[in-house]
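Peer 1: The structure file entry11.csv (CSV, C-alpha atoms and all ligand atoms) is provided below.
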```csv
chain,number,residue,atom,x,y,z
A,1,MET,CA,-165.6,-168.1,129.7
A,2,LEU,CA,-162.0,-167.1,129.1
A,3,ALA,CA,-161.5,-170.2,127.0
A,4,LEU,CA,-164.5,-169.3,124.9
A,5,LEU,CA,-163.3,-165.8,124.4
A,6,LEU,CA,-159.9,-167.0,123.4
A,7,ALA,CA,-161.4,-169.6,121.1
A,8,GLY,CA,-163.4,-166.8,119.4
A,9,CYS,CA,-160.3,-164.7,119.0
A,10,ASP,CA,-158.2,-167.0,116.9
A,11,ARG,CA,-160.8,-166.9,114.0
A,12,ARG,CA,-159.7,-164.0,111.8
A,13,GLY,CA,-160.7,-163.0,108.3
A,14,PRO,CA,-158.2,-162.3,105.5
A,15,ASP,CA,-157.9,-158.7,106.6
A,16,GLY,CA,-157.2,-159.7,110.2
A,17,GLU,CA,-160.6,-158.9,111.5
A,18,GLN,CA,-162.3,-161.3,113.9
A,19,VAL,CA,-165.0,-163.4,112.5
A,20,ASN,CA,-168.4,-162.8,114.0
A,21,PRO,CA,-169.9,-166.3,114.3
A,22,ARG,CA,-173.2,-164.9,113.0
A,23,GLU,CA,-171.5,-164.0,109.8
A,24,LYS,CA,-170.0,-167.4,109.3
A,25,ILE,CA,-170.7,-168.9,105.9
A,26,ILE,CA,-171.3,-172.6,105.8
A,27,ILE,CA,-170.9,-174.5,102.6
A,28,LYS,CA,-172.3,-178.1,102.6
A,29,PHE,CA,-170.5,-180.1,99.9
A,30,SER,CA,-172.2,-183.4,99.3
A,31,HIS,CA,-170.8,-186.2,97.1
A,32,VAL,CA,-171.3,-189.9,96.5
A,33,VAL,CA,-167.8,-191.4,96.5
A,34,ALA,CA,-165.3,-192.4,99.2
A,35,ASP,CA,-163.0,-190.0,100.9
A,36,ASP,CA,-159.9,-191.6,99.3
A,37,THR,CA,-160.9,-191.0,95.7
A,38,PRO,CA,-159.9,-188.0,93.5
A,39,LYS,CA,-163.2,-186.3,94.2
A,40,GLY,CA,-163.2,-187.1,97.9
A,41,GLN,CA,-159.6,-185.9,98.4
A,42,ALA,CA,-160.1,-182.7,96.3
A,43,ALA,CA,-163.3,-181.8,98.2
A,44,ARG,CA,-161.4,-182.0,101.5
A,45,ARG,CA,-158.4,-180.0,100.1
A,46,PHE,CA,-160.8,-177.3,98.8
A,47,ALA,CA,-162.5,-177.2,102.2
A,48,ARG,CA,-159.1,-176.7,104.0
A,49,LEU,CA,-157.8,-174.0,101.6
A,50,VAL,CA,-161.1,-172.0,101.7
A,51,GLU,CA,-161.2,-172.2,105.5
A,52,GLU,CA,-157.6,-171.2,105.9
A,53,ARG,CA,-157.8,-168.4,103.4
A,54,THR,CA,-160.9,-166.8,104.9
A,55,GLY,CA,-159.6,-167.2,108.4
A,56,GLY,CA,-162.5,-169.5,109.3
A,57,ARG,CA,-165.2,-167.1,107.9
A,58,VAL,CA,-166.2,-169.8,105.5
A,59,GLU,CA,-166.6,-173.4,106.6
A,60,VAL,CA,-166.9,-176.1,104.0
A,61,GLN,CA,-168.5,-179.3,105.4
A,62,VAL,CA,-167.8,-182.3,103.2
A,63,PHE,CA,-170.3,-185.2,103.2
A,64,PRO,CA,-168.8,-188.2,101.3
A,65,ASN,CA,-170.3,-191.6,100.4
A,66,SER,CA,-173.9,-190.4,99.7
A,67,THR,CA,-174.3,-189.8,103.5
A,68,LEU,CA,-176.3,-186.6,103.0
A,69,TYR,CA,-177.8,-187.0,99.5
A,70,LYS,CA,-177.4,-189.8,96.9
A,71,ASP,CA,-177.6,-189.9,93.2
A,72,GLY,CA,-181.1,-188.8,92.1
A,73,GLU,CA,-181.3,-186.5,95.1
A,74,GLU,CA,-178.2,-184.3,95.1
A,75,LEU,CA,-179.1,-182.2,92.1
A,76,ASP,CA,-182.5,-181.3,93.6
A,77,ALA,CA,-180.9,-180.6,96.9
A,78,LEU,CA,-178.5,-178.2,95.2
A,79,MET,CA,-181.1,-176.4,93.3
A,80,ASP,CA,-183.3,-176.0,96.4
A,81,GLY,CA,-180.3,-174.7,98.4
A,82,ARG,CA,-180.3,-177.7,100.9
A,83,VAL,CA,-176.6,-178.1,99.9
A,84,GLN,CA,-174.4,-175.5,98.4
A,85,MET,CA,-171.9,-177.6,96.4
A,86,ILE,CA,-172.0,-181.0,94.6
A,87,ALA,CA,-169.7,-182.5,92.0
A,88,PRO,CA,-171.7,-185.1,90.0
A,89,SER,CA,-170.4,-187.1,87.1
A,90,THR,CA,-171.4,-185.3,83.9
A,91,SER,CA,-173.6,-188.2,82.8
A,92,LYS,CA,-176.0,-187.5,85.7
A,93,LEU,CA,-176.8,-184.0,84.4
A,94,GLY,CA,-178.6,-185.6,81.5
A,95,SER,CA,-181.9,-185.1,83.4
A,96,LEU,CA,-181.5,-181.3,83.2
A,97,ALA,CA,-179.7,-181.0,79.9
A,98,PRO,CA,-179.3,-184.0,77.6
A,99,GLN,CA,-176.3,-182.4,75.9
A,100,TRP,CA,-174.1,-183.6,78.6
A,101,GLN,CA,-174.5,-187.2,77.3
A,102,LEU,CA,-172.0,-186.2,74.6
A,103,LEU,CA,-169.3,-187.0,77.1
A,104,ASP,CA,-170.7,-190.5,77.5
A,105,LEU,CA,-170.0,-191.5,73.9
A,106,PRO,CA,-167.6,-194.5,73.9
A,107,TYR,CA,-164.1,-193.8,72.7
A,108,LEU,CA,-164.7,-190.1,72.3
A,109,PHE,CA,-161.4,-189.3,74.0
A,110,GLU,CA,-158.0,-191.0,73.9
A,111,SER,CA,-156.3,-189.2,76.8
A,112,GLU,CA,-156.9,-186.9,79.7
A,113,GLU,CA,-155.1,-184.2,77.8
A,114,GLU,CA,-157.6,-184.4,75.0
A,115,VAL,CA,-160.5,-184.2,77.5
A,116,HIS,CA,-159.0,-181.1,79.1
A,117,ARG,CA,-158.2,-179.3,75.9
A,118,VAL,CA,-161.7,-179.8,74.7
A,119,LEU,CA,-163.6,-179.1,77.9
A,120,ASP,CA,-161.6,-176.2,79.1
A,121,GLY,CA,-162.5,-174.3,75.9
A,122,GLU,CA,-165.6,-173.3,73.9
A,123,ILE,CA,-167.3,-176.7,74.1
A,124,GLY,CA,-167.0,-176.8,77.9
A,125,ARG,CA,-168.5,-173.2,78.0
A,126,LYS,CA,-171.4,-174.4,75.9
A,127,LEU,CA,-172.1,-177.3,78.2
A,128,PHE,CA,-171.9,-175.0,81.3
A,129,ALA,CA,-174.4,-172.7,79.6
A,130,THR,CA,-177.0,-175.5,79.5
A,131,LEU,CA,-177.3,-175.3,83.3
A,132,GLU,CA,-178.1,-171.6,83.4
A,133,GLY,CA,-181.7,-171.2,84.3
A,134,TYR,CA,-181.6,-174.0,86.8
A,135,ASN,CA,-180.2,-171.9,89.7
A,136,ILE,CA,-176.9,-173.6,89.2
A,137,HIS,CA,-173.5,-171.9,88.9
A,138,THR,CA,-170.6,-174.0,87.5
A,139,LEU,CA,-167.2,-173.8,89.1
A,140,ALA,CA,-164.9,-176.4,87.5
A,141,PHE,CA,-164.4,-179.6,85.6
A,142,TRP,CA,-162.7,-182.3,87.7
A,143,ASP,CA,-161.4,-185.7,86.5
A,144,ASN,CA,-162.4,-189.1,87.6
A,145,GLY,CA,-160.8,-191.0,84.8
A,146,PHE,CA,-161.2,-193.6,82.1
A,147,LYS,CA,-163.7,-196.4,82.6
A,148,GLN,CA,-162.9,-200.1,82.7
A,149,MET,CA,-165.4,-203.0,82.4
A,150,THR,CA,-166.0,-205.5,85.2
A,151,ASN,CA,-168.3,-208.4,85.4
A,152,SER,CA,-168.9,-211.7,87.2
A,153,LYS,CA,-169.4,-214.0,84.3
A,154,ARG,CA,-166.5,-214.1,81.8
A,155,PRO,CA,-163.7,-212.2,80.2
A,156,LEU,CA,-165.0,-209.4,77.9
A,157,VAL,CA,-162.7,-209.5,74.9
A,158,TYR,CA,-165.0,-209.1,71.9
A,159,PRO,CA,-168.4,-207.5,71.6
A,160,GLU,CA,-170.0,-210.9,71.5
A,161,ASP,CA,-168.9,-211.5,75.0
A,162,PHE,CA,-171.4,-209.0,76.3
A,163,ARG,CA,-174.4,-210.9,74.9
A,164,GLY,CA,-177.1,-211.6,77.5
A,165,LEU,CA,-175.3,-209.8,80.4
A,166,THR,CA,-176.9,-207.0,82.5
A,167,PHE,CA,-174.8,-204.0,83.4
A,168,ARG,CA,-175.4,-201.2,85.8
A,169,VAL,CA,-175.1,-197.7,84.3
A,170,MET,CA,-175.0,-194.3,85.8
A,171,ILE,CA,-178.4,-192.6,86.2
A,172,ASN,CA,-179.8,-190.2,83.6
A,173,SER,CA,-177.8,-191.3,80.5
A,174,ARG,CA,-179.6,-192.8,77.6
A,175,VAL,CA,-176.3,-193.0,75.8
A,176,LEU,CA,-174.8,-195.3,78.3
A,177,GLU,CA,-177.9,-197.6,78.1
A,178,GLU,CA,-177.6,-197.6,74.4
A,179,GLN,CA,-173.9,-198.4,74.5
A,180,PHE,CA,-174.7,-201.7,76.3
A,181,ARG,CA,-177.6,-202.4,74.1
A,182,LEU,CA,-175.4,-202.2,71.0
A,183,LEU,CA,-173.1,-204.7,72.6
A,184,GLY,CA,-175.9,-207.1,73.0
A,185,ALA,CA,-176.3,-206.6,76.8
A,186,SER,CA,-178.9,-204.8,78.8
A,187,ALA,CA,-178.5,-201.8,81.1
A,188,VAL,CA,-180.0,-200.8,84.5
A,189,GLN,CA,-179.7,-197.3,85.9
A,190,LEU,CA,-178.7,-197.4,89.5
A,191,PRO,CA,-177.5,-194.8,92.0
A,192,PHE,CA,-173.8,-195.2,92.9
A,193,ASN,CA,-174.4,-196.2,96.5
A,194,ASP,CA,-176.5,-199.2,95.4
A,195,VAL,CA,-174.0,-200.7,93.0
A,196,TYR,CA,-171.9,-202.9,95.3
A,197,GLN,CA,-175.0,-204.6,96.7
A,198,ALA,CA,-176.4,-205.1,93.2
A,199,LEU,CA,-173.2,-206.7,92.0
A,200,ALA,CA,-172.7,-208.8,95.1
A,201,GLY,CA,-176.4,-210.0,95.1
A,202,GLY,CA,-176.2,-210.8,91.4
A,203,GLN,CA,-179.1,-208.4,90.3
A,204,VAL,CA,-176.6,-207.1,87.7
A,205,ASP,CA,-173.6,-209.0,86.2
A,206,GLY,CA,-171.3,-206.1,85.6
A,207,GLN,CA,-170.6,-202.4,85.6
A,208,GLU,CA,-168.2,-199.8,84.1
A,209,ASN,CA,-166.1,-197.5,86.2
A,210,THR,CA,-162.7,-195.9,87.0
A,211,MET,CA,-160.1,-197.8,88.9
A,212,SER,CA,-160.5,-195.5,91.9
A,213,ASN,CA,-164.2,-196.4,92.2
A,214,ILE,CA,-163.6,-200.1,91.5
A,215,TYR,CA,-161.1,-200.2,94.3
A,216,SER,CA,-162.6,-197.9,96.9
A,217,GLN,CA,-166.1,-199.5,96.5
A,218,ARG,CA,-164.6,-203.0,96.6
A,219,PHE,CA,-166.3,-203.9,93.3
A,220,TYR,CA,-163.2,-206.0,92.5
A,221,GLN,CA,-164.1,-208.3,95.3
A,222,VAL,CA,-167.3,-209.4,93.6
A,223,GLN,CA,-166.3,-209.0,90.0
A,224,PRO,CA,-163.8,-211.6,89.0
A,225,TYR,CA,-163.3,-210.2,85.4
A,226,LEU,CA,-161.9,-206.9,84.5
A,227,THR,CA,-161.1,-205.6,81.0
A,228,VAL,CA,-158.9,-202.5,80.7
A,229,SER,CA,-160.7,-200.9,77.9
A,230,ASN,CA,-160.5,-197.2,78.6
A,231,HIS,CA,-163.7,-197.0,76.5
A,232,GLY,CA,-165.2,-193.9,78.2
A,233,PHE,CA,-164.4,-191.0,80.5
A,234,ILE,CA,-166.0,-190.0,83.8
A,235,GLY,CA,-165.6,-186.3,84.5
A,236,TYR,CA,-167.2,-184.2,87.2
A,237,VAL,CA,-168.7,-180.8,87.2
A,238,VAL,CA,-168.3,-178.9,90.4
A,239,LEU,CA,-171.5,-177.0,90.9
A,240,THR,CA,-172.8,-174.5,93.4
A,241,ASN,CA,-176.3,-173.0,94.0
A,242,ALA,CA,-176.5,-169.8,91.9
A,243,GLY,CA,-178.5,-167.8,94.4
A,244,PHE,CA,-176.1,-168.7,97.1
A,245,TRP,CA,-173.2,-167.8,94.9
A,246,GLN,CA,-174.7,-164.4,94.2
A,247,SER,CA,-175.3,-163.8,97.9
A,248,LEU,CA,-171.6,-164.2,98.7
A,249,PRO,CA,-169.4,-161.1,99.3
A,250,PRO,CA,-167.1,-160.5,96.3
A,251,ASP,CA,-163.9,-161.2,98.4
A,252,VAL,CA,-165.2,-164.6,99.4
A,253,ARG,CA,-166.2,-165.5,95.8
A,254,ARG,CA,-162.6,-164.5,94.8
A,255,VAL,CA,-161.1,-166.8,97.5
A,256,ILE,CA,-163.3,-169.7,96.4
A,257,GLU,CA,-162.5,-169.2,92.7
A,258,GLU,CA,-158.8,-169.1,93.4
A,259,ALA,CA,-158.9,-172.1,95.7
A,260,MET,CA,-161.0,-174.0,93.1
A,261,ALA,CA,-158.5,-173.3,90.3
A,262,GLU,CA,-155.6,-174.5,92.4
A,263,VAL,CA,-157.5,-177.6,93.6
A,264,THR,CA,-158.6,-178.4,90.1
A,265,ALA,CA,-155.0,-178.6,88.8
A,266,TRP,CA,-154.1,-180.8,91.8
A,267,GLU,CA,-157.2,-183.0,91.5
A,268,ARG,CA,-156.4,-183.8,87.8
A,269,GLU,CA,-152.9,-185.0,88.7
A,270,GLN,CA,-154.2,-186.9,91.7
A,271,ALA,CA,-156.9,-188.6,89.7
A,272,ALA,CA,-154.3,-190.0,87.2
A,273,HIS,CA,-152.1,-191.0,90.1
A,274,LEU,CA,-154.8,-192.7,92.2
A,275,ASN,CA,-156.2,-194.6,89.2
A,276,GLU,CA,-152.7,-196.1,88.6
A,277,GLU,CA,-152.2,-196.8,92.2
A,278,ASN,CA,-155.6,-198.5,92.6
A,279,PHE,CA,-155.1,-200.6,89.5
A,280,LYS,CA,-151.9,-202.0,91.1
A,281,GLN,CA,-153.8,-202.7,94.3
A,282,VAL,CA,-156.6,-204.5,92.4
A,283,LYS,CA,-153.9,-206.5,90.5
A,284,GLU,CA,-152.1,-207.4,93.7
A,285,SER,CA,-155.3,-208.6,95.3
A,286,GLY,CA,-155.2,-211.6,93.0
A,287,GLN,CA,-159.0,-211.6,93.0
A,288,VAL,CA,-159.4,-210.4,89.4
A,289,LYS,CA,-158.6,-211.9,86.1
A,290,ILE,CA,-157.4,-208.8,84.1
A,291,HIS,CA,-157.6,-208.5,80.3
A,292,VAL,CA,-155.9,-205.6,78.6
A,293,GLN,CA,-157.7,-204.8,75.4
A,294,THR,CA,-155.6,-205.0,72.2
A,295,ALA,CA,-155.8,-202.5,69.3
A,296,GLU,CA,-157.6,-205.2,67.2
A,297,GLU,CA,-160.2,-205.8,69.9
A,298,LYS,CA,-160.6,-202.1,70.4
A,299,ALA,CA,-161.4,-201.7,66.7
A,300,ARG,CA,-164.1,-204.4,67.0
A,301,TRP,CA,-165.7,-202.6,70.0
A,302,LYS,CA,-165.6,-199.3,68.2
A,303,GLU,CA,-167.2,-200.8,65.1
A,304,ALA,CA,-170.0,-202.3,67.2
A,305,LEU,CA,-170.6,-199.0,69.0
A,306,ALA,CA,-170.3,-196.7,65.9
A,307,PRO,CA,-174.2,-196.4,65.4
A,308,LEU,CA,-174.3,-194.6,68.7
A,309,TYR,CA,-172.4,-191.6,67.2
A,310,GLN,CA,-175.0,-191.4,64.4
A,311,LYS,CA,-177.8,-191.6,66.9
A,312,PHE,CA,-176.3,-188.9,69.1
A,313,ARG,CA,-176.1,-186.5,66.1
A,314,GLY,CA,-180.0,-186.6,66.1
A,315,MET,CA,-180.2,-185.9,69.8
A,316,PRO,CA,-180.1,-182.5,71.6
A,317,GLY,CA,-176.4,-181.5,71.6
A,318,GLY,CA,-175.8,-183.6,68.5
A,319,GLU,CA,-174.0,-180.6,66.9
A,320,LEU,CA,-171.4,-180.6,69.7
A,321,LEU,CA,-170.1,-184.0,68.6
A,322,ASP,CA,-168.7,-182.6,65.3
A,323,GLU,CA,-167.2,-179.7,67.3
A,324,VAL,CA,-165.4,-182.1,69.6
A,325,LEU,CA,-164.1,-184.2,66.7
A,326,LYS,CA,-162.9,-181.0,65.0
A,327,ALA,CA,-161.3,-179.7,68.2
A,328,LYS,CA,-159.5,-183.1,68.6
A,329,ARG,CA,-158.1,-182.9,65.0
A,330,ALA,CA,-156.7,-179.5,65.8
A,331,LEU,CA,-154.7,-180.7,68.8
A,401,LIG,C1,-170.8,-193.7,89.3
A,401,LIG,O1,-172.0,-193.4,89.6
A,401,LIG,O2,-170.4,-194.8,89.0
A,401,LIG,C2,-169.8,-192.5,89.4
A,401,LIG,O3,-170.3,-191.4,88.7
A,401,LIG,C3,-169.6,-192.2,90.8
A,401,LIG,C4,-168.7,-191.0,91.0
A,401,LIG,O4,-169.1,-189.9,91.4
A,401,LIG,O5,-167.5,-191.1,90.6
```
Please, can you express the file's structure as structure tokens?
Ligand code: LMR

Peer 2:
Amino acid sequence: MLALLLAGCDRRGPDGEQVNPREKIIIKFSHVVADDTPKGQAARRFARLVEERTGGRVEVQVFPNSTLYKDGEELDALMDGRVQMIAPSTSKLGSLAPQWQLLDLPYLFESEEEVHRVLDGEIGRKLFATLEGYNIHTLAFWDNGFKQMTNSKRPLVYPEDFRGLTFRVMINSRVLEEQFRLLGASAVQLPFNDVYQALAGGQVDGQENTMSNIYSQRFYQVQPYLTVSNHGFIGYVVLTNAGFWQSLPPDVRRVIEEAMAEVTAWEREQAAHLNEENFKQVKESGQVKIHVQTAEEKARWKEALAPLYQKFRGMPGGELLDEVLKAKRAL
């Protein structure tokens, strides 16, 4: 009894008051990647900061590796309030608002700095606004990083090398499917947690992803060819259920926003660091033949993929493309 009382006493809110267990706020944060990835680490750090700074009044429970909800489920779970936070790749929001596919256009960004300058401004705000009306409140953009190509058949040097191959793409993005079609390959949408099996079992020949995902999901163990192409960017949007957000006391919302801003800055650095670190580990494994794309090869890929830009201009959100290109010129 005494132990229970004492245990209850060390939970104090920011103003020093004890936390009544009945007033405890639980945030379930579901995501699909491993713990030791930029998103996995940032989710845990966010959980720790929020818990510390609310004296235990808010508990953030992190569910990694699609253990709670997987791709194709987590957005619905968020909108229904079965989870309170998720951080999907932007491509996966295409089912709600096709405008997000803008960010899937190959070679749209050259560096993380460009991504941040564009998304942290007006264009990012316009994208956030597409989610209003879905009971979703947007908290931040996090980085995953630039994508590299892997496959089991041959080195991918020129567009011709893609001919006849099948690639897994992230769910809900027509732009990603079209990217592979233009390269002469076909594309299959698969949830992230099914990718390793599909690669290992030969249902698909290849996939595109960041080094942290290629390493943490062990794709490199079943994909003997890797091209460092940096041809696209995977970013995350950290989302919460809007009704839940509105129901939170203002002081709690403030703590969450401040912790999120801090974690976002940290996450972006950590993503760059982990992608570098994981690239070294993949190299050192000796299991992969690595090709680093040259400027001449990149020009050939870009030429093959150029029709996608034209096509996107005719899609919802097409007007945002010229805004991005303009914003990049102004950097
Ligand atoms: C993928 O599906 O390949 C990625 O979006 C997974 C992730 O969340 O990084």

Peer 1: Mind listing as a ChimeraX atom specification all residues within 9 Å of (-165.1, -186.3, 88.6), counting all atoms listed in the file?

Peer 2: /A:38-39,87-90,141-145,234-238,271

Peer 1: Write as a list of chain:residue names the residues around ligand LIG 401 (chain A), taking 6 Å as the cut-off and counting only C-alpha atoms and all ligand atoms.

Peer 2: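 If we count only C-alpha atoms and all ligand atoms, the neighbours of ligand LIG 401 (chain A) turn out to be A:Val32, A:Val33, A:Pro88, A:Ser89, A:Met170, A:Phe192, A:Asn209.
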
Peer 1: Given only C-alpha atoms as the basis, pick out the residue of A:Gly232, A:Gly314, A:Pro64, A:Gly202 nearest to Lys153 (chain A).

Peer 2: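 Result for the nearest residue to Lys153 (chain A): A:Gly202.
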
Peer 1: For CA of Asp205 (chain A) and CA of Gln41 (chain A), quote the distance in Å rounded to one decimal.

Peer 2: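 Here the two named atoms are 29.6 Å from each other.
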
Peer 1: Which residue gives the smallest distance to Arg44 (chain A) among A:Arg253, A:Arg163, A:His116, A:Lys28, with only C-alpha atoms counted?

Peer 2: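 Smallest distance to Arg44 (chain A) is found for A:Lys28.
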
Peer 1: For Ala304 (chain A), which residue out of A:Gly318, A:Pro159, A:Gly56, A:Gly72 is the nearest one, using all atoms listed in the file?

Peer 2: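 That would be A:Pro159, the residue with the smallest distance to Ala304 (chain A).
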
Peer 1: Given the choices A:Met315, A:Ala242, A:Ile26, A:Leu156, which gets closest to Gly133 (chain A) if the distance is worked out from only C-alpha atoms?

Peer 2: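 Among A:Met315, A:Ala242, A:Ile26, A:Leu156, it is A:Ala242 that comes nearest to Gly133 (chain A).
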
Peer 1: What does the structure give for the distance between CA of Leu165 (chain A) and CA of Phe219 (chain A), in Å to one decimal?

Peer 2: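 Separating CA of Leu165 (chain A) from CA of Phe219 (chain A) is a distance of 16.8 Å.
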
Peer 1: Would you mind reading off the distance between CA of Phe146 (chain A) and CA of Asp71 (chain A), one decimal, in Å?

Peer 2: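 These atoms are spaced 20.1 Å apart.
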
Peer 1: Smallest atom-to-atom distance to Phe167 (chain A): which of A:Tyr134, A:Val195, A:Val204, A:Glu114, using only C-alpha atoms?

Peer 2: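 Of A:Tyr134, A:Val195, A:Val204, A:Glu114, the one nearest Phe167 (chain A) is A:Val204, counting only C-alpha atoms.
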
Peer 1: I'd like to know which of A:Asn135, A:Glu267, A:Asp251, A:Met79 is closest to Arg57 (chain A), using all atoms listed in the file.

Peer 2: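 With all atoms listed in the file as the atom set, the closest residue is A:Asp251.
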
Peer 1: Hey, what's within 12 Å of region 185-187 of chain A if we count only C-alpha atoms and toss same-chain stuff fewer than 6 positions away? As a PyMOL selection string, please?

Peer 2: chain A and resi 151+156+159-179+203-208

Peer 1: Within 12 Å of (-163.1, -188.0, 101.0), only C-alpha atoms: residues as a PyMOL selection string?

Peer 2: chain A and resi 29-47+61-67+216

Peer 1: Quick one: everything within 10 Å of Leu108 (chain A), counting all atoms listed in the file, minus sequence neighbours fewer than 2 positions away in the same chain. Send it as a PDB file with C-alpha atoms, in the frame of the given file.

Peer 2:
```pdb
ATOM      1  CA  LEU A 102    -172.000-186.200  74.600  1.00  0.00           C
ATOM      2  CA  LEU A 103    -169.300-187.000  77.100  1.00  0.00           C
ATOM      3  CA  ASP A 104    -170.700-190.500  77.500  1.00  0.00           C
ATOM      4  CA  LEU A 105    -170.000-191.500  73.900  1.00  0.00           C
ATOM      5  CA  PRO A 106    -167.600-194.500  73.900  1.00  0.00           C
ATOM      6  CA  GLU A 110    -158.000-191.000  73.900  1.00  0.00           C
ATOM      7  CA  SER A 111    -156.300-189.200  76.800  1.00  0.00           C
ATOM      8  CA  GLU A 114    -157.600-184.400  75.000  1.00  0.00           C
ATOM      9  CA  VAL A 115    -160.500-184.200  77.500  1.00  0.00           C
ATOM     10  CA  HIS A 231    -163.700-197.000  76.500  1.00  0.00           C
ATOM     11  CA  GLY A 232    -165.200-193.900  78.200  1.00  0.00           C
ATOM     12  CA  PHE A 233    -164.400-191.000  80.500  1.00  0.00           C
ATOM     13  CA  TYR A 309    -172.400-191.600  67.200  1.00  0.00           C
ATOM     14  CA  LEU A 321    -170.100-184.000  68.600  1.00  0.00           C
ATOM     15  CA  VAL A 324    -165.400-182.100  69.600  1.00  0.00           C
ATOM     16  CA  LEU A 325    -164.100-184.200  66.700  1.00  0.00           C
ATOM     17  CA  LYS A 328    -159.500-183.100  68.600  1.00  0.00           C
TER      18      LYS A 328
END
```

Peer 1: Find the residues near Gly81 (chain A): any atom within 10 Å, counting all atoms listed in the file, skip ones fewer than 4 places away on the same chain, and give them as a ChimeraX atom specification.

Peer 2: /A:28,75-77,85,135-136,240-244

Peer 1: Might you pull out every residue within 7 Å of Ile25 (chain A), with only C-alpha atoms counted and same-chain residues fewer than 2 positions away left off, and present them as a PyMOL selection string?

Peer 2: chain A and resi 23+27+57-59
